[in-house]
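Visitor: Structure file structure_3.cif (mmCIF, N, CA and C atoms) right here:
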```
data_entry
loop_
_atom_site.label_atom_id
_atom_site.label_comp_id
_atom_site.auth_asym_id
_atom_site.auth_seq_id
_atom_site.Cartn_x
_atom_site.Cartn_y
_atom_site.Cartn_z
N MET A 19 16.12 0.96 -14.66
CA MET A 19 16.04 -0.48 -14.88
C MET A 19 15.44 -0.72 -16.26
N GLU A 20 16.05 -1.57 -17.03
CA GLU A 20 15.54 -1.88 -18.35
C GLU A 20 14.34 -2.81 -18.23
N ALA A 21 13.51 -2.81 -19.26
CA ALA A 21 12.28 -3.59 -19.24
C ALA A 21 12.52 -5.09 -19.14
N ASN A 22 13.70 -5.57 -19.50
CA ASN A 22 13.93 -7.01 -19.44
C ASN A 22 14.73 -7.43 -18.21
N GLN A 23 15.05 -6.51 -17.32
CA GLN A 23 15.78 -6.88 -16.12
C GLN A 23 14.83 -7.47 -15.09
N ASP A 24 15.38 -8.28 -14.21
CA ASP A 24 14.58 -8.97 -13.21
C ASP A 24 14.24 -8.06 -12.04
N ALA A 25 12.98 -8.13 -11.59
CA ALA A 25 12.56 -7.43 -10.39
C ALA A 25 12.64 -8.36 -9.19
N GLY A 26 12.58 -9.67 -9.42
CA GLY A 26 12.76 -10.65 -8.36
C GLY A 26 11.46 -11.12 -7.75
N LYS A 27 11.39 -12.40 -7.46
CA LYS A 27 10.28 -13.03 -6.76
C LYS A 27 10.86 -13.83 -5.63
N GLY A 28 10.10 -13.98 -4.58
CA GLY A 28 10.59 -14.72 -3.43
C GLY A 28 10.59 -16.22 -3.62
N ASP A 29 9.89 -16.76 -4.60
CA ASP A 29 9.77 -18.21 -4.75
C ASP A 29 10.78 -18.80 -5.72
N GLY A 30 11.84 -18.06 -6.04
CA GLY A 30 12.87 -18.58 -6.92
C GLY A 30 12.64 -18.23 -8.39
N GLN A 31 11.41 -17.87 -8.76
CA GLN A 31 11.15 -17.45 -10.13
C GLN A 31 11.54 -15.99 -10.26
N GLN A 32 11.72 -15.55 -11.47
CA GLN A 32 12.08 -14.16 -11.70
C GLN A 32 10.90 -13.43 -12.34
N LEU A 33 10.64 -12.26 -11.82
CA LEU A 33 9.60 -11.40 -12.37
C LEU A 33 10.30 -10.30 -13.16
N ARG A 34 9.97 -10.19 -14.42
CA ARG A 34 10.59 -9.16 -15.24
C ARG A 34 9.76 -7.89 -15.15
N VAL A 35 10.43 -6.76 -15.28
CA VAL A 35 9.74 -5.47 -15.26
C VAL A 35 8.68 -5.45 -16.35
N ALA A 36 8.96 -6.07 -17.49
CA ALA A 36 7.98 -6.12 -18.58
C ALA A 36 6.69 -6.80 -18.13
N ASP A 37 6.79 -7.76 -17.20
CA ASP A 37 5.59 -8.42 -16.68
C ASP A 37 4.69 -7.43 -15.95
N LEU A 38 5.29 -6.43 -15.33
CA LEU A 38 4.51 -5.42 -14.60
C LEU A 38 3.82 -4.45 -15.55
N LEU A 39 4.24 -4.43 -16.80
CA LEU A 39 3.68 -3.49 -17.76
C LEU A 39 2.57 -4.09 -18.61
N GLN A 40 2.24 -5.37 -18.39
CA GLN A 40 1.16 -6.00 -19.13
C GLN A 40 -0.17 -5.38 -18.73
N GLU A 41 -0.99 -5.05 -19.70
CA GLU A 41 -2.31 -4.47 -19.41
C GLU A 41 -3.24 -5.53 -18.85
N ARG A 42 -4.06 -5.12 -17.89
CA ARG A 42 -5.11 -5.99 -17.37
C ARG A 42 -6.21 -5.14 -16.77
N THR A 43 -7.39 -5.70 -16.73
CA THR A 43 -8.55 -5.01 -16.19
C THR A 43 -8.42 -4.89 -14.67
N VAL A 44 -8.77 -3.72 -14.14
CA VAL A 44 -8.69 -3.51 -12.70
C VAL A 44 -9.94 -4.09 -12.04
N LYS A 45 -9.74 -5.16 -11.27
CA LYS A 45 -10.83 -5.79 -10.52
C LYS A 45 -10.73 -5.44 -9.04
N LYS A 46 -9.49 -5.23 -8.58
CA LYS A 46 -9.26 -4.97 -7.16
C LYS A 46 -8.18 -3.91 -7.00
N THR A 47 -8.40 -2.98 -6.08
CA THR A 47 -7.46 -1.90 -5.82
C THR A 47 -6.70 -2.19 -4.54
N GLY A 48 -5.40 -1.96 -4.57
CA GLY A 48 -4.57 -2.09 -3.39
C GLY A 48 -4.24 -0.73 -2.81
N TYR A 49 -4.22 -0.65 -1.48
CA TYR A 49 -3.86 0.58 -0.79
C TYR A 49 -2.73 0.26 0.18
N LEU A 50 -1.57 0.86 -0.02
CA LEU A 50 -0.47 0.74 0.92
C LEU A 50 -0.60 1.95 1.85
N VAL A 51 -1.05 1.70 3.09
CA VAL A 51 -1.37 2.77 4.03
C VAL A 51 -0.27 2.84 5.08
N ILE A 52 0.33 4.03 5.22
CA ILE A 52 1.44 4.21 6.14
C ILE A 52 0.96 4.93 7.41
N THR A 53 1.13 4.25 8.56
CA THR A 53 0.87 4.85 9.87
C THR A 53 2.07 4.53 10.76
N SER A 54 1.97 4.94 12.02
CA SER A 54 3.06 4.63 12.96
C SER A 54 2.80 3.29 13.64
N ASP A 55 3.79 2.81 14.34
CA ASP A 55 3.64 1.59 15.13
C ASP A 55 3.14 1.89 16.53
N ARG A 56 3.34 3.10 17.00
CA ARG A 56 2.94 3.49 18.34
C ARG A 56 2.01 4.69 18.27
N GLY A 57 1.33 4.96 19.36
CA GLY A 57 0.33 6.01 19.38
C GLY A 57 0.85 7.39 19.72
N LEU A 58 2.13 7.65 19.58
CA LEU A 58 2.68 8.94 19.98
C LEU A 58 2.44 10.06 18.96
N VAL A 59 1.91 9.72 17.83
CA VAL A 59 1.62 10.72 16.79
C VAL A 59 0.14 10.63 16.42
N GLY A 60 -0.72 10.88 17.40
CA GLY A 60 -2.16 10.70 17.25
C GLY A 60 -2.77 11.45 16.08
N GLY A 61 -2.39 12.72 15.91
CA GLY A 61 -2.96 13.51 14.82
C GLY A 61 -2.59 12.94 13.46
N TYR A 62 -1.35 12.50 13.33
CA TYR A 62 -0.89 11.91 12.07
C TYR A 62 -1.72 10.67 11.73
N ASN A 63 -1.81 9.75 12.70
CA ASN A 63 -2.55 8.51 12.48
C ASN A 63 -4.03 8.77 12.26
N SER A 64 -4.61 9.62 13.10
CA SER A 64 -6.05 9.90 13.03
C SER A 64 -6.44 10.45 11.66
N ASN A 65 -5.69 11.42 11.17
CA ASN A 65 -5.99 12.03 9.87
C ASN A 65 -5.85 11.00 8.74
N ALA A 66 -4.78 10.23 8.78
CA ALA A 66 -4.56 9.23 7.72
C ALA A 66 -5.66 8.18 7.73
N LEU A 67 -6.04 7.70 8.90
CA LEU A 67 -7.03 6.62 8.98
C LEU A 67 -8.44 7.11 8.63
N LYS A 68 -8.82 8.30 9.10
CA LYS A 68 -10.13 8.85 8.74
C LYS A 68 -10.21 9.10 7.24
N SER A 69 -9.15 9.65 6.68
CA SER A 69 -9.13 9.93 5.24
C SER A 69 -9.18 8.64 4.44
N MET A 70 -8.47 7.61 4.91
CA MET A 70 -8.47 6.33 4.20
C MET A 70 -9.84 5.69 4.24
N LEU A 71 -10.53 5.75 5.38
CA LEU A 71 -11.90 5.23 5.47
C LEU A 71 -12.81 5.91 4.46
N GLN A 72 -12.67 7.21 4.34
CA GLN A 72 -13.48 7.97 3.39
C GLN A 72 -13.21 7.52 1.95
N VAL A 73 -11.95 7.34 1.59
CA VAL A 73 -11.59 6.88 0.25
C VAL A 73 -12.24 5.52 -0.04
N ILE A 74 -12.12 4.60 0.89
CA ILE A 74 -12.66 3.25 0.69
C ILE A 74 -14.18 3.28 0.61
N GLU A 75 -14.83 4.04 1.49
CA GLU A 75 -16.29 4.12 1.48
C GLU A 75 -16.82 4.73 0.18
N GLU A 76 -16.11 5.72 -0.35
CA GLU A 76 -16.54 6.38 -1.58
C GLU A 76 -16.29 5.53 -2.83
N ASP A 77 -15.22 4.73 -2.82
CA ASP A 77 -14.80 4.04 -4.03
C ASP A 77 -15.13 2.56 -4.11
N HIS A 78 -15.55 1.94 -2.99
CA HIS A 78 -15.74 0.49 -2.99
C HIS A 78 -17.03 0.08 -2.29
N LYS A 79 -17.77 -0.82 -2.94
CA LYS A 79 -19.03 -1.30 -2.39
C LYS A 79 -18.82 -2.33 -1.28
N ASP A 80 -17.79 -3.16 -1.42
CA ASP A 80 -17.50 -4.17 -0.40
C ASP A 80 -16.02 -4.48 -0.36
N LYS A 81 -15.61 -5.27 0.63
CA LYS A 81 -14.18 -5.51 0.83
C LYS A 81 -13.56 -6.44 -0.19
N ASP A 82 -14.35 -7.00 -1.09
CA ASP A 82 -13.80 -7.84 -2.16
C ASP A 82 -13.18 -7.00 -3.28
N HIS A 83 -13.38 -5.68 -3.24
CA HIS A 83 -12.89 -4.82 -4.31
C HIS A 83 -11.62 -4.05 -3.94
N TYR A 84 -11.09 -4.30 -2.73
CA TYR A 84 -9.86 -3.63 -2.32
C TYR A 84 -9.05 -4.54 -1.39
N ALA A 85 -7.77 -4.24 -1.27
CA ALA A 85 -6.89 -4.93 -0.33
C ALA A 85 -5.97 -3.88 0.29
N ILE A 86 -5.75 -3.99 1.59
CA ILE A 86 -4.92 -3.03 2.31
C ILE A 86 -3.59 -3.65 2.66
N MET A 87 -2.53 -2.92 2.35
CA MET A 87 -1.19 -3.24 2.85
C MET A 87 -0.93 -2.23 3.96
N ALA A 88 -1.00 -2.66 5.21
CA ALA A 88 -0.86 -1.76 6.35
C ALA A 88 0.59 -1.71 6.81
N ILE A 89 1.20 -0.55 6.68
CA ILE A 89 2.55 -0.34 7.16
C ILE A 89 2.43 0.43 8.47
N GLY A 90 2.74 -0.23 9.57
CA GLY A 90 2.58 0.36 10.89
C GLY A 90 1.46 -0.33 11.65
N GLY A 91 1.71 -0.60 12.92
CA GLY A 91 0.75 -1.34 13.74
C GLY A 91 -0.55 -0.62 14.00
N VAL A 92 -0.51 0.71 14.12
CA VAL A 92 -1.74 1.46 14.40
C VAL A 92 -2.74 1.26 13.26
N GLY A 93 -2.28 1.36 12.03
CA GLY A 93 -3.17 1.17 10.88
C GLY A 93 -3.65 -0.26 10.77
N ALA A 94 -2.75 -1.22 10.95
CA ALA A 94 -3.14 -2.64 10.87
C ALA A 94 -4.22 -2.95 11.89
N ASP A 95 -4.02 -2.53 13.13
CA ASP A 95 -5.01 -2.79 14.19
C ASP A 95 -6.34 -2.09 13.90
N PHE A 96 -6.28 -0.85 13.41
CA PHE A 96 -7.47 -0.07 13.09
C PHE A 96 -8.32 -0.78 12.02
N PHE A 97 -7.69 -1.18 10.93
CA PHE A 97 -8.44 -1.81 9.83
C PHE A 97 -8.95 -3.19 10.23
N LYS A 98 -8.16 -3.96 10.94
CA LYS A 98 -8.60 -5.29 11.37
C LYS A 98 -9.80 -5.19 12.32
N ALA A 99 -9.76 -4.23 13.23
CA ALA A 99 -10.86 -4.06 14.19
C ALA A 99 -12.18 -3.74 13.49
N ARG A 100 -12.11 -3.20 12.29
CA ARG A 100 -13.30 -2.86 11.52
C ARG A 100 -13.65 -3.91 10.47
N GLY A 101 -12.96 -5.04 10.50
CA GLY A 101 -13.24 -6.14 9.58
C GLY A 101 -12.88 -5.84 8.14
N MET A 102 -11.94 -4.94 7.94
CA MET A 102 -11.54 -4.57 6.58
C MET A 102 -10.50 -5.55 6.05
N ASN A 103 -10.33 -5.58 4.74
CA ASN A 103 -9.47 -6.55 4.07
C ASN A 103 -7.99 -6.15 4.17
N VAL A 104 -7.32 -6.60 5.24
CA VAL A 104 -5.89 -6.36 5.41
C VAL A 104 -5.16 -7.58 4.84
N ALA A 105 -4.56 -7.40 3.68
CA ALA A 105 -3.88 -8.49 2.99
C ALA A 105 -2.42 -8.64 3.43
N TYR A 106 -1.86 -7.58 4.01
CA TYR A 106 -0.46 -7.59 4.43
C TYR A 106 -0.28 -6.55 5.51
N GLU A 107 0.54 -6.85 6.50
CA GLU A 107 0.90 -5.85 7.49
C GLU A 107 2.38 -5.93 7.79
N TYR A 108 2.97 -4.78 8.01
CA TYR A 108 4.39 -4.68 8.34
C TYR A 108 4.50 -3.83 9.59
N ARG A 109 5.03 -4.42 10.64
CA ARG A 109 5.21 -3.71 11.91
C ARG A 109 6.69 -3.55 12.19
N GLY A 110 7.00 -2.56 12.99
CA GLY A 110 8.39 -2.38 13.41
C GLY A 110 9.23 -1.55 12.46
N VAL A 111 8.60 -0.73 11.64
CA VAL A 111 9.35 0.15 10.75
C VAL A 111 10.03 1.23 11.60
N SER A 112 11.29 1.46 11.37
CA SER A 112 12.00 2.48 12.14
C SER A 112 11.56 3.88 11.70
N ASP A 113 11.90 4.87 12.54
CA ASP A 113 11.54 6.26 12.22
C ASP A 113 12.15 6.72 10.90
N ILE A 114 13.34 6.25 10.63
CA ILE A 114 14.01 6.51 9.35
C ILE A 114 14.26 5.13 8.73
N PRO A 115 13.33 4.67 7.87
CA PRO A 115 13.43 3.31 7.33
C PRO A 115 14.72 3.08 6.55
N THR A 116 15.26 1.90 6.72
CA THR A 116 16.46 1.51 5.98
C THR A 116 16.07 1.03 4.58
N PHE A 117 17.05 0.94 3.72
CA PHE A 117 16.82 0.42 2.38
C PHE A 117 16.24 -0.99 2.45
N ASN A 118 16.77 -1.82 3.35
CA ASN A 118 16.29 -3.20 3.45
C ASN A 118 14.84 -3.27 3.89
N GLU A 119 14.40 -2.38 4.80
CA GLU A 119 12.99 -2.35 5.20
C GLU A 119 12.10 -1.99 4.01
N VAL A 120 12.49 -0.96 3.30
CA VAL A 120 11.71 -0.52 2.15
C VAL A 120 11.71 -1.57 1.06
N ARG A 121 12.86 -2.20 0.83
CA ARG A 121 12.96 -3.23 -0.20
C ARG A 121 11.99 -4.38 0.09
N GLU A 122 11.89 -4.79 1.35
CA GLU A 122 10.98 -5.87 1.71
C GLU A 122 9.52 -5.50 1.40
N ILE A 123 9.16 -4.28 1.71
CA ILE A 123 7.79 -3.82 1.45
C ILE A 123 7.52 -3.76 -0.05
N VAL A 124 8.45 -3.20 -0.81
CA VAL A 124 8.28 -3.09 -2.26
C VAL A 124 8.25 -4.47 -2.91
N LYS A 125 9.11 -5.35 -2.48
CA LYS A 125 9.14 -6.71 -3.03
C LYS A 125 7.81 -7.41 -2.78
N THR A 126 7.26 -7.24 -1.59
CA THR A 126 5.96 -7.83 -1.27
C THR A 126 4.87 -7.22 -2.15
N ALA A 127 4.88 -5.91 -2.32
CA ALA A 127 3.87 -5.25 -3.15
C ALA A 127 3.94 -5.75 -4.60
N VAL A 128 5.14 -5.89 -5.13
CA VAL A 128 5.30 -6.37 -6.51
C VAL A 128 4.80 -7.81 -6.62
N THR A 129 5.12 -8.64 -5.65
CA THR A 129 4.67 -10.04 -5.67
C THR A 129 3.15 -10.11 -5.59
N MET A 130 2.55 -9.29 -4.72
CA MET A 130 1.10 -9.28 -4.60
C MET A 130 0.44 -8.82 -5.91
N PHE A 131 1.04 -7.82 -6.56
CA PHE A 131 0.53 -7.36 -7.85
C PHE A 131 0.63 -8.47 -8.88
N ASP A 132 1.79 -9.14 -8.92
CA ASP A 132 2.00 -10.22 -9.87
C ASP A 132 1.03 -11.39 -9.62
N ASN A 133 0.71 -11.65 -8.36
CA ASN A 133 -0.22 -12.72 -8.00
C ASN A 133 -1.68 -12.28 -8.07
N GLU A 134 -1.90 -11.07 -8.57
CA GLU A 134 -3.24 -10.50 -8.77
C GLU A 134 -4.05 -10.38 -7.48
N VAL A 135 -3.35 -10.11 -6.38
CA VAL A 135 -4.05 -9.76 -5.14
C VAL A 135 -4.73 -8.41 -5.35
N PHE A 136 -4.10 -7.55 -6.14
CA PHE A 136 -4.70 -6.28 -6.58
C PHE A 136 -4.16 -5.97 -7.97
N ASP A 137 -4.87 -5.09 -8.67
CA ASP A 137 -4.51 -4.76 -10.06
C ASP A 137 -3.97 -3.34 -10.21
N GLU A 138 -4.10 -2.56 -9.17
CA GLU A 138 -3.52 -1.22 -9.12
C GLU A 138 -3.19 -0.95 -7.66
N LEU A 139 -2.20 -0.07 -7.42
CA LEU A 139 -1.76 0.19 -6.06
C LEU A 139 -1.62 1.69 -5.82
N TYR A 140 -2.20 2.14 -4.71
CA TYR A 140 -2.08 3.52 -4.27
C TYR A 140 -1.31 3.54 -2.95
N VAL A 141 -0.37 4.46 -2.83
CA VAL A 141 0.33 4.67 -1.57
C VAL A 141 -0.36 5.83 -0.87
N CYS A 142 -0.76 5.61 0.39
CA CYS A 142 -1.57 6.57 1.14
C CYS A 142 -0.84 6.97 2.42
N TYR A 143 -0.67 8.26 2.64
CA TYR A 143 0.11 8.73 3.78
C TYR A 143 -0.19 10.19 4.05
N ASN A 144 0.22 10.67 5.22
CA ASN A 144 0.15 12.08 5.55
C ASN A 144 1.47 12.73 5.16
N HIS A 145 1.39 13.75 4.34
CA HIS A 145 2.58 14.50 3.91
C HIS A 145 2.77 15.69 4.84
N HIS A 146 3.94 15.78 5.42
CA HIS A 146 4.26 16.90 6.32
C HIS A 146 4.50 18.16 5.49
N VAL A 147 3.68 19.19 5.74
CA VAL A 147 3.84 20.46 5.04
C VAL A 147 4.68 21.40 5.89
N ASN A 148 4.27 21.60 7.13
CA ASN A 148 5.04 22.37 8.11
C ASN A 148 4.62 21.92 9.50
N SER A 149 5.10 22.57 10.53
CA SER A 149 4.82 22.11 11.89
C SER A 149 3.34 22.17 12.26
N LEU A 150 2.55 22.91 11.52
CA LEU A 150 1.12 23.04 11.80
C LEU A 150 0.23 22.28 10.83
N THR A 151 0.77 21.91 9.70
CA THR A 151 -0.07 21.37 8.64
C THR A 151 0.51 20.09 8.03
N SER A 152 -0.40 19.17 7.78
CA SER A 152 -0.06 18.00 6.98
C SER A 152 -1.21 17.77 6.01
N ALA A 153 -0.93 17.07 4.93
CA ALA A 153 -1.94 16.83 3.91
C ALA A 153 -1.97 15.34 3.58
N PHE A 154 -3.15 14.73 3.60
CA PHE A 154 -3.28 13.32 3.26
C PHE A 154 -3.12 13.17 1.75
N ARG A 155 -2.29 12.22 1.35
CA ARG A 155 -2.06 11.98 -0.08
C ARG A 155 -2.38 10.54 -0.43
N VAL A 156 -2.94 10.37 -1.62
CA VAL A 156 -3.21 9.06 -2.20
C VAL A 156 -2.59 9.10 -3.58
N GLU A 157 -1.49 8.38 -3.76
CA GLU A 157 -0.74 8.44 -5.02
C GLU A 157 -0.69 7.09 -5.70
N LYS A 158 -1.14 7.07 -6.95
CA LYS A 158 -1.13 5.82 -7.72
C LYS A 158 0.30 5.48 -8.10
N ASN A 159 0.68 4.21 -7.84
CA ASN A 159 2.05 3.79 -8.14
C ASN A 159 2.12 2.63 -9.11
N VAL A 160 1.19 1.73 -9.04
CA VAL A 160 1.23 0.58 -9.95
C VAL A 160 -0.15 0.44 -10.57
N THR A 161 -0.18 0.45 -11.88
CA THR A 161 -1.42 0.18 -12.58
C THR A 161 -1.13 -0.15 -14.03
N ASN A 162 -1.89 -1.03 -14.56
CA ASN A 162 -1.80 -1.38 -15.97
C ASN A 162 -3.21 -1.61 -16.47
N GLN A 163 -3.97 -0.55 -16.50
CA GLN A 163 -5.38 -0.64 -16.87
C GLN A 163 -5.57 -0.71 -18.36
N ARG A 164 -6.59 -1.45 -18.72
CA ARG A 164 -7.06 -1.41 -20.10
C ARG A 164 -7.98 -0.20 -20.23
N SER A 165 -7.87 0.50 -21.32
CA SER A 165 -8.72 1.68 -21.54
C SER A 165 -10.13 1.29 -21.87
#
```
Show how you would write the structure in this file as structure tokens.
Guide:
Amino acid sequence: MEANQDAGKGDGQQLRVADLLQERTVKKTGYLVITSDRGLVGGYNSNALKSMLQVIEEDHKDKDHYAIMAIGGVGADFFKARGMNVAYEYRGVSDIPTFNEVREIVKTAVTMFDNEVFDELYVCYNHHVNSLTSAFRVEKNVTNQRS
């Protein structure tokens, strides 16, 4: 995508990719946390949620410094029950997400970034290594920090 092409906004205005590249000071961090909608994968959810709590406790003094985008009902319910800042939740993601499901999540993340709900975004999930092992990952995806 070229820097001048439209990324799209839901309110009829157009967000250009160049708008996403503007530098700004990071005041709030966004975390897009992926869990399941049902409890049939307890180890997956448990590891992701415990690891996410640790990240937030280590990096943030209070809930005004982060926002959570919870993908999956287990994560949304977990964070809400603890009074954490859940700015967005998406439930009902299929086991193999469709392009339209992913597009809706990405569009929302871009809009939230543009509206300064957060200034940088990390995607947090359990990466399947093999049938015995998974590894929690926190990957930065959107940021335009001033040095």
Visitor: Determine the residue membership of the PyMOL selection byres (((chain A and resi 41-52 and name CA) around 9) and name CA) for the file above and supply it as an mmCIF file with N, CA and C atoms, in the coordinates of the input.
Guide:
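Saved result, expr.cif, follows:
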```cif
data_model
loop_
_atom_site.group_PDB
_atom_site.id
_atom_site.type_symbol
_atom_site.label_atom_id
_atom_site.label_comp_id
_atom_site.auth_asym_id
_atom_site.auth_seq_id
_atom_site.Cartn_x
_atom_site.Cartn_y
_atom_site.Cartn_z
ATOM 1 N N LEU A 38 5.290 -6.430 -15.330
ATOM 2 C CA LEU A 38 4.510 -5.420 -14.600
ATOM 3 C C LEU A 38 3.820 -4.450 -15.550
ATOM 4 N N LEU A 39 4.240 -4.430 -16.800
ATOM 5 C CA LEU A 39 3.680 -3.490 -17.760
ATOM 6 C C LEU A 39 2.570 -4.090 -18.610
ATOM 7 N N GLN A 40 2.240 -5.370 -18.390
ATOM 8 C CA GLN A 40 1.160 -6.000 -19.130
ATOM 9 C C GLN A 40 -0.170 -5.380 -18.730
ATOM 10 N N THR A 53 1.130 4.250 8.560
ATOM 11 C CA THR A 53 0.870 4.850 9.870
ATOM 12 C C THR A 53 2.070 4.530 10.760
ATOM 13 N N SER A 54 1.970 4.940 12.020
ATOM 14 C CA SER A 54 3.060 4.630 12.960
ATOM 15 C C SER A 54 2.800 3.290 13.640
ATOM 16 N N ASN A 63 -1.810 9.750 12.700
ATOM 17 C CA ASN A 63 -2.550 8.510 12.480
ATOM 18 C C ASN A 63 -4.030 8.770 12.260
ATOM 19 N N ALA A 66 -4.780 10.230 8.780
ATOM 20 C CA ALA A 66 -4.560 9.230 7.720
ATOM 21 C C ALA A 66 -5.660 8.180 7.730
ATOM 22 N N LEU A 67 -6.040 7.700 8.900
ATOM 23 C CA LEU A 67 -7.030 6.620 8.980
ATOM 24 C C LEU A 67 -8.440 7.110 8.630
ATOM 25 N N MET A 70 -8.470 7.610 4.910
ATOM 26 C CA MET A 70 -8.470 6.330 4.200
ATOM 27 C C MET A 70 -9.840 5.690 4.240
ATOM 28 N N ASP A 82 -14.350 -7.000 -1.090
ATOM 29 C CA ASP A 82 -13.800 -7.840 -2.160
ATOM 30 C C ASP A 82 -13.180 -7.000 -3.280
ATOM 31 N N HIS A 83 -13.380 -5.680 -3.240
ATOM 32 C CA HIS A 83 -12.890 -4.820 -4.310
ATOM 33 C C HIS A 83 -11.620 -4.050 -3.940
ATOM 34 N N TYR A 84 -11.090 -4.300 -2.730
ATOM 35 C CA TYR A 84 -9.860 -3.630 -2.320
ATOM 36 C C TYR A 84 -9.050 -4.540 -1.390
ATOM 37 N N ALA A 85 -7.770 -4.240 -1.270
ATOM 38 C CA ALA A 85 -6.890 -4.930 -0.330
ATOM 39 C C ALA A 85 -5.970 -3.880 0.290
ATOM 40 N N ILE A 86 -5.750 -3.990 1.590
ATOM 41 C CA ILE A 86 -4.920 -3.030 2.310
ATOM 42 C C ILE A 86 -3.590 -3.650 2.660
ATOM 43 N N MET A 87 -2.530 -2.920 2.350
ATOM 44 C CA MET A 87 -1.190 -3.240 2.850
ATOM 45 C C MET A 87 -0.930 -2.230 3.960
ATOM 46 N N ALA A 88 -1.000 -2.660 5.210
ATOM 47 C CA ALA A 88 -0.860 -1.760 6.350
ATOM 48 C C ALA A 88 0.590 -1.710 6.810
ATOM 49 N N ILE A 89 1.200 -0.550 6.680
ATOM 50 C CA ILE A 89 2.550 -0.340 7.160
ATOM 51 C C ILE A 89 2.430 0.430 8.470
ATOM 52 N N GLY A 90 2.740 -0.230 9.570
ATOM 53 C CA GLY A 90 2.580 0.360 10.890
ATOM 54 C C GLY A 90 1.460 -0.330 11.650
ATOM 55 N N GLY A 93 -2.280 1.360 12.030
ATOM 56 C CA GLY A 93 -3.170 1.170 10.880
ATOM 57 C C GLY A 93 -3.650 -0.260 10.770
ATOM 58 N N ALA A 94 -2.750 -1.220 10.950
ATOM 59 C CA ALA A 94 -3.140 -2.640 10.870
ATOM 60 C C ALA A 94 -4.220 -2.950 11.890
ATOM 61 N N ALA A 127 4.880 -5.910 -2.320
ATOM 62 C CA ALA A 127 3.870 -5.250 -3.150
ATOM 63 C C ALA A 127 3.940 -5.750 -4.600
ATOM 64 N N PHE A 131 1.040 -7.820 -6.560
ATOM 65 C CA PHE A 131 0.530 -7.360 -7.850
ATOM 66 C C PHE A 131 0.630 -8.470 -8.880
ATOM 67 N N GLU A 134 -1.900 -11.070 -8.570
ATOM 68 C CA GLU A 134 -3.240 -10.500 -8.770
ATOM 69 C C GLU A 134 -4.050 -10.380 -7.480
ATOM 70 N N VAL A 135 -3.350 -10.110 -6.380
ATOM 71 C CA VAL A 135 -4.050 -9.760 -5.140
ATOM 72 C C VAL A 135 -4.730 -8.410 -5.350
ATOM 73 N N PHE A 136 -4.100 -7.550 -6.140
ATOM 74 C CA PHE A 136 -4.700 -6.280 -6.580
ATOM 75 C C PHE A 136 -4.160 -5.970 -7.970
ATOM 76 N N ASP A 137 -4.870 -5.090 -8.670
ATOM 77 C CA ASP A 137 -4.510 -4.760 -10.060
ATOM 78 C C ASP A 137 -3.970 -3.340 -10.210
ATOM 79 N N GLU A 138 -4.100 -2.560 -9.170
ATOM 80 C CA GLU A 138 -3.520 -1.220 -9.120
ATOM 81 C C GLU A 138 -3.190 -0.950 -7.660
ATOM 82 N N LEU A 139 -2.200 -0.070 -7.420
ATOM 83 C CA LEU A 139 -1.760 0.190 -6.060
ATOM 84 C C LEU A 139 -1.620 1.690 -5.820
ATOM 85 N N TYR A 140 -2.200 2.140 -4.710
ATOM 86 C CA TYR A 140 -2.080 3.520 -4.270
ATOM 87 C C TYR A 140 -1.310 3.540 -2.950
ATOM 88 N N VAL A 141 -0.370 4.460 -2.830
ATOM 89 C CA VAL A 141 0.330 4.670 -1.570
ATOM 90 C C VAL A 141 -0.360 5.830 -0.870
ATOM 91 N N CYS A 142 -0.760 5.610 0.390
ATOM 92 C CA CYS A 142 -1.570 6.570 1.140
ATOM 93 C C CYS A 142 -0.840 6.970 2.420
ATOM 94 N N TYR A 143 -0.670 8.260 2.640
ATOM 95 C CA TYR A 143 0.110 8.730 3.780
ATOM 96 C C TYR A 143 -0.190 10.190 4.050
ATOM 97 N N ASN A 144 0.220 10.670 5.220
ATOM 98 C CA ASN A 144 0.150 12.080 5.550
ATOM 99 C C ASN A 144 1.470 12.730 5.160
ATOM 100 N N VAL A 156 -2.940 10.370 -1.620
ATOM 101 C CA VAL A 156 -3.210 9.060 -2.200
ATOM 102 C C VAL A 156 -2.590 9.100 -3.580
ATOM 103 N N THR A 161 -0.180 0.450 -11.880
ATOM 104 C CA THR A 161 -1.420 0.180 -12.580
ATOM 105 C C THR A 161 -1.130 -0.150 -14.030
ATOM 106 N N ASN A 162 -1.890 -1.030 -14.560
ATOM 107 C CA ASN A 162 -1.800 -1.380 -15.970
ATOM 108 C C ASN A 162 -3.210 -1.610 -16.470
ATOM 109 N N GLN A 163 -3.970 -0.550 -16.500
ATOM 110 C CA GLN A 163 -5.380 -0.640 -16.870
ATOM 111 C C GLN A 163 -5.570 -0.710 -18.360
ATOM 112 N N ARG A 164 -6.590 -1.450 -18.720
ATOM 113 C CA ARG A 164 -7.060 -1.410 -20.100
ATOM 114 C C ARG A 164 -7.980 -0.200 -20.230
ATOM 115 N N SER A 165 -7.870 0.500 -21.320
ATOM 116 C CA SER A 165 -8.720 1.680 -21.540
ATOM 117 C C SER A 165 -10.130 1.290 -21.870
#
```
Visitor: Select, from A:Phe154, A:Ala105, A:Gly91, A:Ala99, the residue with the minimum atom-to-atom distance to Lys68 (chain A), counting only C-alpha atoms.
Guide: A:Phe154
Visitor: Residues of chain A in alpha helix (DSSP H) according to DSSP, as a VMD selection string?
Guide: chain A and resid 35 to 38 60 to 77 91 to 99 117 to 132
Visitor: Nearest to Val92 (chain A) among A:Ser69, A:Thr116, A:Thr126, A:Ser64, with distances taken over only C-alpha atoms: which residue is it?
Guide: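 Once distances to Val92 (chain A) are computed over only C-alpha atoms, the minimum belongs to A:Ser64.
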Visitor: In Å to one decimal, how far is CA of Ile74 (chain A) from CA of Asn103 (chain A)?
Guide: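 Spanning CA of Asn103 (chain A) to CA of Ile74 (chain A) is a straight-line distance of 10.8 Å.
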Visitor: Atom N of Val73 (chain A) to atom C of Arg155 (chain A): how many Å, to one decimal?
Guide: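 Between atom N of Val73 (chain A) and atom C of Arg155 (chain A) the gap is 10.3 Å.
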Visitor: How would you write, as JSON, numbers by chain, the set of residues in chain A that DSSP gives as strand (DSSP E)?
Guide: {"A": [47, 48, 49, 50, 51, 52, 84, 85, 86, 87, 88, 89, 104, 105, 106, 107, 108, 138, 139, 140, 141, 142, 143, 144, 145, 146, 147, 148, 151, 152, 153, 154, 155, 156, 157, 158, 159, 160, 161]}
